[in-house]
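Have a look at coords-v3.txt; it's compact mmCIF, C-alpha atoms and all ligand atoms:
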```txt
# COMPACT_ATOMS: atom_id res chain seq x y z
CA MET A 1 81.22 97.98 103.08
CA THR A 2 78.86 100.80 103.93
CA VAL A 3 79.57 104.17 102.42
CA HIS A 4 78.77 107.08 104.73
CA HIS A 5 80.26 110.08 102.94
CA HIS A 6 79.36 110.91 99.34
CA PRO A 7 80.25 113.67 96.87
CA SER A 8 77.75 116.54 96.77
CA GLU A 9 75.01 116.46 94.15
CA GLU A 10 76.69 119.42 92.45
CA LEU A 11 79.91 117.45 92.19
CA LEU A 12 78.15 114.33 90.92
CA SER A 13 76.28 116.39 88.34
CA ALA A 14 79.52 117.93 87.12
CA PHE A 15 81.06 114.45 86.99
CA ALA A 16 78.13 112.99 85.05
CA THR A 17 78.26 115.77 82.47
CA GLY A 18 82.02 115.68 82.06
CA ARG A 19 82.69 119.08 83.59
CA LEU A 20 85.23 118.06 86.22
CA ASP A 21 88.93 118.55 86.01
CA HIS A 22 90.89 115.41 85.14
CA GLY A 23 92.20 114.64 88.62
CA GLU A 24 88.89 115.44 90.29
CA HIS A 25 87.05 113.27 87.77
CA LEU A 26 89.32 110.37 88.67
CA VAL A 27 88.58 110.59 92.40
CA VAL A 28 84.82 110.89 91.91
CA ALA A 29 84.94 107.97 89.45
CA ALA A 30 86.67 105.81 92.05
CA HIS A 31 83.92 106.57 94.58
CA VAL A 32 81.05 106.10 92.14
CA ALA A 33 82.44 102.70 91.11
CA ARG A 34 82.03 101.53 94.71
CA CYS A 35 78.81 103.31 95.59
CA PRO A 36 75.48 102.06 94.16
CA GLU A 37 73.67 105.14 95.46
CA CYS A 38 75.93 107.56 93.59
CA GLN A 39 75.89 105.29 90.53
CA ALA A 40 72.12 105.63 90.45
CA PHE A 41 72.33 109.39 90.81
CA VAL A 42 74.93 109.67 88.02
CA HIS A 43 72.84 107.47 85.73
CA ALA A 44 69.80 109.64 86.37
CA ILE A 45 71.79 112.79 85.55
CA GLU A 46 73.21 111.17 82.43
CA GLU A 47 69.71 110.34 81.25
CA LEU A 48 68.47 113.85 81.93
CA ALA A 49 71.57 115.35 80.35
CA GLY A 50 71.19 113.14 77.31
CA GLU A 51 67.68 114.46 76.85
CA SER A 52 68.48 118.09 77.33
CA LEU A 53 72.12 118.75 77.95
CA GLU A 54 71.95 122.38 76.96
CA SER A 55 68.91 123.51 78.87
CA ILE A 56 69.14 121.79 82.24
CA ALA A 57 71.38 123.42 84.81
CA PRO A 58 72.60 121.40 87.79
CA ALA A 59 70.62 123.64 90.15
CA ALA A 60 67.41 122.80 88.31
CA MET A 61 68.14 119.11 88.68
CA ARG A 62 67.71 119.33 92.42
CA GLY A 63 64.04 120.00 91.88
CA ALA A 64 61.21 117.60 92.48
CA ALA A 65 61.86 115.20 89.64
CA LEU A 66 65.31 114.06 90.55
CA PRO A 67 64.89 112.68 94.06
CA ASP A 68 62.16 110.42 92.71
CA ALA A 69 64.41 109.31 89.90
CA ARG A 70 67.22 108.81 92.35
CA ARG A 71 65.15 106.64 94.69
CA LYS A 72 63.80 104.63 91.80
CA GLU A 73 67.23 104.10 90.35
CA ALA A 74 68.61 103.25 93.77
CA ARG A 75 66.04 100.49 94.12
CA MET A 76 66.76 99.24 90.64
CA THR A 77 70.50 99.15 91.16
CA ALA A 78 70.50 98.10 94.80
CA ARG A 79 71.45 94.59 93.85
CA THR A 80 73.96 95.70 91.23
CA LYS A 81 77.41 94.77 92.27
CA PRO A 82 79.77 97.73 92.27
CA GLU A 83 82.75 97.52 89.98
CA PRO A 84 85.38 95.30 91.58
CA SER A 85 88.72 96.74 92.46
CA ALA A 86 91.56 96.26 90.04
CA LYS A 87 93.72 93.24 90.58
CA GLY A 88 97.08 93.79 92.14
CA SER A 89 98.50 93.79 95.61
CA ASP A 90 97.51 97.40 96.24
CA ASP A 91 93.87 96.69 95.50
CA LEU A 92 93.60 99.97 93.63
CA PRO A 93 90.39 101.21 92.02
CA ALA A 94 89.90 99.76 88.54
CA VAL A 95 89.75 103.25 87.04
CA LEU A 96 93.44 103.64 87.89
CA SER A 97 94.41 100.76 85.65
CA HIS A 98 94.21 103.25 82.75
CA TYR A 99 96.82 105.51 84.30
CA GLU A 100 100.55 105.54 84.61
CA MET A 101 101.91 106.12 88.06
CA GLY A 102 105.20 107.43 89.29
CA PRO A 103 107.30 105.70 91.95
CA TRP A 104 106.38 105.71 95.64
CA LYS A 105 107.95 108.63 97.46
CA TRP A 106 108.63 108.85 101.17
CA ILE A 107 107.09 111.98 102.63
CA ALA A 108 107.29 111.62 106.36
CA PRO A 109 107.52 108.79 108.89
CA GLY A 110 104.68 106.40 108.07
CA VAL A 111 103.51 108.38 105.04
CA SER A 112 104.28 107.79 101.38
CA LEU A 113 102.82 109.10 98.15
CA ARG A 114 102.62 107.83 94.60
CA PRO A 115 101.83 110.38 91.87
CA ILE A 116 99.37 109.56 89.12
CA ILE A 117 100.32 110.88 85.71
CA LEU A 118 97.49 113.07 84.42
CA ALA A 119 97.00 114.96 81.17
CA SER A 120 99.14 118.09 81.18
CA SER A 121 95.96 120.17 80.94
CA SER A 122 94.83 118.99 84.38
CA ARG A 123 94.54 121.76 86.95
CA SER A 124 94.68 119.26 89.79
CA ARG A 125 97.35 116.87 90.92
CA ALA A 126 96.38 113.33 91.81
CA PHE A 127 98.19 110.81 93.94
CA ILE A 128 97.83 107.77 96.12
CA LEU A 129 98.57 108.53 99.75
CA ARG A 130 99.44 105.69 102.10
CA SER A 131 99.61 106.30 105.83
CA LYS A 132 100.26 103.94 108.70
CA PRO A 133 97.74 103.58 111.52
CA GLY A 134 98.25 106.22 114.18
CA THR A 135 99.67 108.73 111.72
CA ARG A 136 98.55 112.25 112.39
CA MET A 137 98.46 113.78 108.94
CA LEU A 138 99.76 117.23 108.43
CA GLU A 139 97.48 119.97 109.59
CA HIS A 140 96.78 122.07 106.57
CA THR A 141 94.47 124.42 104.77
CA HIS A 142 94.05 124.81 101.03
CA SER A 143 94.03 127.60 98.55
CA GLY A 144 92.07 125.20 96.32
CA VAL A 145 90.09 122.03 96.87
CA GLU A 146 91.03 118.53 97.87
CA LEU A 147 89.00 115.46 96.92
CA THR A 148 89.74 112.19 98.69
CA HIS A 149 88.48 108.66 98.10
CA VAL A 150 89.36 106.12 100.79
CA ILE A 151 90.57 102.91 99.14
CA THR A 152 91.40 100.98 102.32
CA GLY A 153 91.77 101.78 105.99
CA GLU A 154 90.25 104.80 107.70
CA PHE A 155 90.91 108.28 109.00
CA THR A 156 89.04 110.67 111.23
CA HIS A 157 88.84 114.45 111.41
CA GLU A 158 86.27 116.90 112.72
CA GLY A 159 84.07 116.06 109.72
CA GLY A 160 83.68 112.46 110.90
CA ARG A 161 85.14 109.04 110.31
CA PHE A 162 86.06 108.13 106.73
CA ALA A 163 86.51 104.47 105.82
CA ALA A 164 86.82 102.39 102.65
CA GLY A 165 84.58 103.75 99.90
CA ASP A 166 84.01 107.11 101.58
CA PHE A 167 84.53 110.43 99.84
CA ASP A 168 85.86 113.57 101.49
CA TYR A 169 85.81 117.10 100.11
CA GLY A 170 87.95 119.85 101.58
CA ASP A 171 88.22 123.46 100.52
CA GLU A 172 89.91 126.60 101.78
CA THR A 173 87.36 127.03 104.56
CA LEU A 174 88.53 123.84 106.22
CA HIS A 175 91.41 123.52 108.57
CA HIS A 176 91.70 119.87 109.37
CA GLN A 177 94.13 117.37 110.72
CA PRO A 178 93.15 113.82 109.81
CA VAL A 179 94.29 111.03 112.09
CA VAL A 180 94.65 107.54 110.68
CA GLY A 181 92.81 104.98 112.78
CA GLY A 182 92.20 101.25 112.56
CA ALA A 183 94.77 98.48 112.29
CA GLU A 184 95.69 98.64 108.61
CA PRO A 185 97.34 101.39 106.58
CA CYS A 186 95.01 104.00 105.14
CA VAL A 187 95.32 104.23 101.37
CA CYS A 188 93.57 107.14 99.68
CA LEU A 189 93.22 108.49 96.18
CA VAL A 190 93.56 112.27 96.38
CA ALA A 191 93.14 115.09 93.88
CA MET A 192 94.23 118.55 94.89
CA THR A 193 94.03 121.94 93.22
CA GLY A 194 95.70 125.12 94.34
CA GLU A 195 98.47 125.25 96.85
CA LEU A 196 98.75 123.42 100.10
CA GLU A 197 99.13 125.83 102.99
CA PRO A 198 101.08 123.86 105.53
CA ASP A 199 100.85 124.72 109.18
CA GLY A 200 103.67 122.55 110.37
CA ILE A 201 106.94 120.98 109.42
CA LEU A 202 105.26 117.98 107.76
CA GLY A 203 103.54 120.35 105.39
CA TRP A 204 106.83 121.86 104.34
CA LEU A 205 108.31 118.42 103.89
CA MET A 206 105.35 117.39 101.80
CA LYS A 207 105.16 120.48 99.64
CA PRO A 208 107.81 119.55 97.05
CA PHE A 209 106.07 116.23 96.50
CA ILE A 210 102.61 117.66 96.22
CA ARG A 211 103.82 120.20 93.68
CA LEU A 212 104.46 117.43 91.18
ZN ZN B 301 78.26 107.66 97.03
```
Since I need it in another form, could you write the structure as structure tokens?
Amino acid sequence: MTVHHHPSEELLSAFATGRLDHGEHLVVAAHVARCPECQAFVHAIEELAGESLESIAPAAMRGAALPDARRKEARMTARTKPEPSAKGSDDLPAVLSHYEMGPWKWIAPGVSLRPIILASSSRSRAFILRSKPGTRMLEHTHSGVELTHVITGEFTHEGGRFAAGDFDYGDETLHHQPVVGGAEPCVCLVAMTGELEPDGILGWLMKPFIRL
């Protein structure tokens, strides 16, 4: 598996220093567990943060020191095996084994969703989204952000092709309509803040489920 799409360095820094919302943290954790490159980056941030958590801002971390640390760490961890997926027929990320999940809900033809129970303080909602090949997902924009980790399968939108292990970040500036490709269902872990702004009937169908 080759990962092509990663969280931004800002997002990884926030993850490493525990500043992400619960649902968002979960999605980034699922990606990092499968991505040696991001693991190395997170470890480097954790080390820096451990030394000087109060005085180093994420912006400062993008200076000269970090890319070196990142490359070095990447070499060191290149042969490290990413965390294996949790057992179970769904092949879900191991990080999800700590969470309770609600029942699968039908959303639209070929699309179902399973909510993940988060702490009540979480600003974001998190869920597993399963879509059959050929599904054209609802076209939508966001009033907040949407973080997606591809567990299996693939989808494509104007931002590129996203396959197993890839991470996708959408915010209110995006207006995208992912299409599920490949031969197997696409299963994603998604965290979403704000309201979904649906552009079509699927969006309206989906809205009650997204607003968990
Ligand atoms: Zn990565």
(message) Taking all atoms listed in the file into account, list the residues no farther than 6 Å from ligand ZN 301 (chain B), as JSON, numbers by chain.
(response) {"A": [6, 32, 35, 37, 38]}
(request) Quick one: pull the distance between CA of Gln177 in chain A and CA of Arg130 in chain A, Å, one decimal. (result)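 Atom-to-atom, CA of Gln177 in chain A to CA of Arg130 in chain A, that is 15.5 Å.
For the residues A:Ile107, A:Leu118, A:Leu113, A:Leu96, ranking by smallest atom-to-atom distance to Val187 in chain A using only C-alpha atoms places A:Leu113 first.
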(request) For CA of Ser124 in chain A and CA of Gly194 in chain A, determine how far apart the two atoms are, in Å to one decimal place. (result) 7.5 Å
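Minimum distance to Val179 in chain A across A:Val111, A:Ala126, A:Ala94, A:Ile117 (counting all atoms listed in the file) occurs at A:Val111.
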(message) If I take CA of Ala119 in chain A and CA of Val190 in chain A, how far is one from the other in Å, to one decimal?
(response) 15.8 Å
(request) Within 10 Å of range 147-164 of chain A, counting all atoms listed in the file, which residues show up once you throw out same-chain ones fewer than 6 positions away? Write them as a ChimeraX atom specification, please. (result) /A:1-7,23-32,34,85,90-93,124,126-137,170-171,174-193
(message) Measuring between all atoms listed in the file, which one of A:Gly110, A:Val95, A:Glu46, A:Leu11 shows the shortest distance to Phe167 in chain A?
(response) A:Leu11
(message) Env of Ser13 in chain A: 9 Å cut, atoms = all atoms listed in the file, seq-sep filter 4 positions within chain, self excluded. Answer as a PyMOL selection string.
(response) chain A and resi 8-9+17-19+41-42+45-46+58+61
Please rebuild range 147-179 of chain A with N, CA and C atoms and return the result as a PDB file, in the coordinates of the input.
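Final output, out.pdb:
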```
ATOM      1  N   LEU A 147      89.991 116.544  96.980  1.00  0.00           N
ATOM      2  CA  LEU A 147      89.000 115.460  96.920  1.00  0.00           C
ATOM      3  C   LEU A 147      89.709 114.167  97.300  1.00  0.00           C
ATOM      4  N   THR A 148      89.094 113.405  98.199  1.00  0.00           N
ATOM      5  CA  THR A 148      89.740 112.190  98.690  1.00  0.00           C
ATOM      6  C   THR A 148      88.770 111.020  98.620  1.00  0.00           C
ATOM      7  N   HIS A 149      89.241 109.910  98.088  1.00  0.00           N
ATOM      8  CA  HIS A 149      88.480 108.660  98.100  1.00  0.00           C
ATOM      9  C   HIS A 149      89.297 107.661  98.925  1.00  0.00           C
ATOM     10  N   VAL A 150      88.654 107.084  99.950  1.00  0.00           N
ATOM     11  CA  VAL A 150      89.360 106.120 100.790  1.00  0.00           C
ATOM     12  C   VAL A 150      89.322 104.756 100.107  1.00  0.00           C
ATOM     13  N   ILE A 151      90.495 104.218  99.798  1.00  0.00           N
ATOM     14  CA  ILE A 151      90.570 102.910  99.140  1.00  0.00           C
ATOM     15  C   ILE A 151      90.537 101.802 100.205  1.00  0.00           C
ATOM     16  N   THR A 152      91.426 101.904 101.175  1.00  0.00           N
ATOM     17  CA  THR A 152      91.400 100.980 102.320  1.00  0.00           C
ATOM     18  C   THR A 152      91.765 101.739 103.578  1.00  0.00           C
ATOM     19  N   GLY A 153      91.443 101.158 104.716  1.00  0.00           N
ATOM     20  CA  GLY A 153      91.770 101.780 105.990  1.00  0.00           C
ATOM     21  C   GLY A 153      90.780 102.875 106.347  1.00  0.00           C
ATOM     22  N   GLU A 154      91.164 103.750 107.262  1.00  0.00           N
ATOM     23  CA  GLU A 154      90.250 104.800 107.700  1.00  0.00           C
ATOM     24  C   GLU A 154      91.022 105.972 108.305  1.00  0.00           C
ATOM     25  N   PHE A 155      90.391 107.133 108.256  1.00  0.00           N
ATOM     26  CA  PHE A 155      90.910 108.280 109.000  1.00  0.00           C
ATOM     27  C   PHE A 155      89.745 109.047 109.594  1.00  0.00           C
ATOM     28  N   THR A 156      90.064 109.880 110.558  1.00  0.00           N
ATOM     29  CA  THR A 156      89.040 110.670 111.230  1.00  0.00           C
ATOM     30  C   THR A 156      89.503 112.117 111.315  1.00  0.00           C
ATOM     31  N   HIS A 157      88.588 113.053 111.059  1.00  0.00           N
ATOM     32  CA  HIS A 157      88.840 114.450 111.410  1.00  0.00           C
ATOM     33  C   HIS A 157      87.521 115.026 111.887  1.00  0.00           C
ATOM     34  N   GLU A 158      87.480 116.343 112.102  1.00  0.00           N
ATOM     35  CA  GLU A 158      86.270 116.900 112.720  1.00  0.00           C
ATOM     36  C   GLU A 158      85.016 116.686 111.867  1.00  0.00           C
ATOM     37  N   GLY A 159      85.211 116.321 110.597  1.00  0.00           N
ATOM     38  CA  GLY A 159      84.070 116.060 109.720  1.00  0.00           C
ATOM     39  C   GLY A 159      83.511 114.652 109.877  1.00  0.00           C
ATOM     40  N   GLY A 160      84.171 113.811 110.677  1.00  0.00           N
ATOM     41  CA  GLY A 160      83.680 112.460 110.900  1.00  0.00           C
ATOM     42  C   GLY A 160      84.738 111.404 110.628  1.00  0.00           C
ATOM     43  N   ARG A 161      84.245 110.169 110.572  1.00  0.00           N
ATOM     44  CA  ARG A 161      85.140 109.040 110.310  1.00  0.00           C
ATOM     45  C   ARG A 161      84.960 108.636 108.845  1.00  0.00           C
ATOM     46  N   PHE A 162      86.074 108.450 108.153  1.00  0.00           N
ATOM     47  CA  PHE A 162      86.060 108.130 106.730  1.00  0.00           C
ATOM     48  C   PHE A 162      86.743 106.782 106.537  1.00  0.00           C
ATOM     49  N   ALA A 163      85.976 105.813 106.022  1.00  0.00           N
ATOM     50  CA  ALA A 163      86.510 104.470 105.820  1.00  0.00           C
ATOM     51  C   ALA A 163      86.387 104.088 104.348  1.00  0.00           C
ATOM     52  N   ALA A 164      86.764 102.842 104.040  1.00  0.00           N
ATOM     53  CA  ALA A 164      86.820 102.390 102.650  1.00  0.00           C
ATOM     54  C   ALA A 164      85.546 102.749 101.893  1.00  0.00           C
ATOM     55  N   GLY A 165      85.710 103.374 100.742  1.00  0.00           N
ATOM     56  CA  GLY A 165      84.580 103.750  99.900  1.00  0.00           C
ATOM     57  C   GLY A 165      84.135 105.191 100.119  1.00  0.00           C
ATOM     58  N   ASP A 166      84.487 105.762 101.273  1.00  0.00           N
ATOM     59  CA  ASP A 166      84.010 107.110 101.580  1.00  0.00           C
ATOM     60  C   ASP A 166      84.731 108.175 100.754  1.00  0.00           C
ATOM     61  N   PHE A 167      84.039 109.289 100.617  1.00  0.00           N
ATOM     62  CA  PHE A 167      84.530 110.430  99.840  1.00  0.00           C
ATOM     63  C   PHE A 167      84.614 111.639 100.748  1.00  0.00           C
ATOM     64  N   ASP A 168      85.697 112.373 100.654  1.00  0.00           N
ATOM     65  CA  ASP A 168      85.860 113.570 101.490  1.00  0.00           C
ATOM     66  C   ASP A 168      86.197 114.750 100.593  1.00  0.00           C
ATOM     67  N   TYR A 169      85.578 115.885 100.896  1.00  0.00           N
ATOM     68  CA  TYR A 169      85.810 117.100 100.110  1.00  0.00           C
ATOM     69  C   TYR A 169      86.295 118.196 101.057  1.00  0.00           C
ATOM     70  N   GLY A 170      87.438 118.751 100.756  1.00  0.00           N
ATOM     71  CA  GLY A 170      87.950 119.850 101.580  1.00  0.00           C
ATOM     72  C   GLY A 170      88.193 121.068 100.719  1.00  0.00           C
ATOM     73  N   ASP A 171      87.881 122.232 101.247  1.00  0.00           N
ATOM     74  CA  ASP A 171      88.220 123.460 100.520  1.00  0.00           C
ATOM     75  C   ASP A 171      88.905 124.428 101.476  1.00  0.00           C
ATOM     76  N   GLU A 172      89.094 125.665 101.023  1.00  0.00           N
ATOM     77  CA  GLU A 172      89.910 126.600 101.780  1.00  0.00           C
ATOM     78  C   GLU A 172      89.260 127.016 103.104  1.00  0.00           C
ATOM     79  N   THR A 173      87.995 126.678 103.294  1.00  0.00           N
ATOM     80  CA  THR A 173      87.360 127.030 104.560  1.00  0.00           C
ATOM     81  C   THR A 173      87.688 126.008 105.643  1.00  0.00           C
ATOM     82  N   LEU A 174      88.255 124.893 105.251  1.00  0.00           N
ATOM     83  CA  LEU A 174      88.530 123.840 106.220  1.00  0.00           C
ATOM     84  C   LEU A 174      89.964 123.927 106.737  1.00  0.00           C
ATOM     85  N   HIS A 175      90.095 123.512 107.938  1.00  0.00           N
ATOM     86  CA  HIS A 175      91.410 123.520 108.570  1.00  0.00           C
ATOM     87  C   HIS A 175      91.449 122.218 109.347  1.00  0.00           C
ATOM     88  N   HIS A 176      91.870 121.144 108.695  1.00  0.00           N
ATOM     89  CA  HIS A 176      91.700 119.870 109.370  1.00  0.00           C
ATOM     90  C   HIS A 176      92.993 119.089 109.524  1.00  0.00           C
ATOM     91  N   GLN A 177      92.959 118.197 110.454  1.00  0.00           N
ATOM     92  CA  GLN A 177      94.130 117.370 110.720  1.00  0.00           C
ATOM     93  C   GLN A 177      93.657 115.921 110.865  1.00  0.00           C
ATOM     94  N   PRO A 178      93.623 115.214 109.757  1.00  0.00           N
ATOM     95  CA  PRO A 178      93.150 113.820 109.810  1.00  0.00           C
ATOM     96  C   PRO A 178      94.094 112.941 110.623  1.00  0.00           C
ATOM     97  N   VAL A 179      93.507 112.018 111.361  1.00  0.00           N
ATOM     98  CA  VAL A 179      94.290 111.030 112.090  1.00  0.00           C
ATOM     99  C   VAL A 179      93.908 109.656 111.564  1.00  0.00           C
TER     100      VAL A 179
END
```
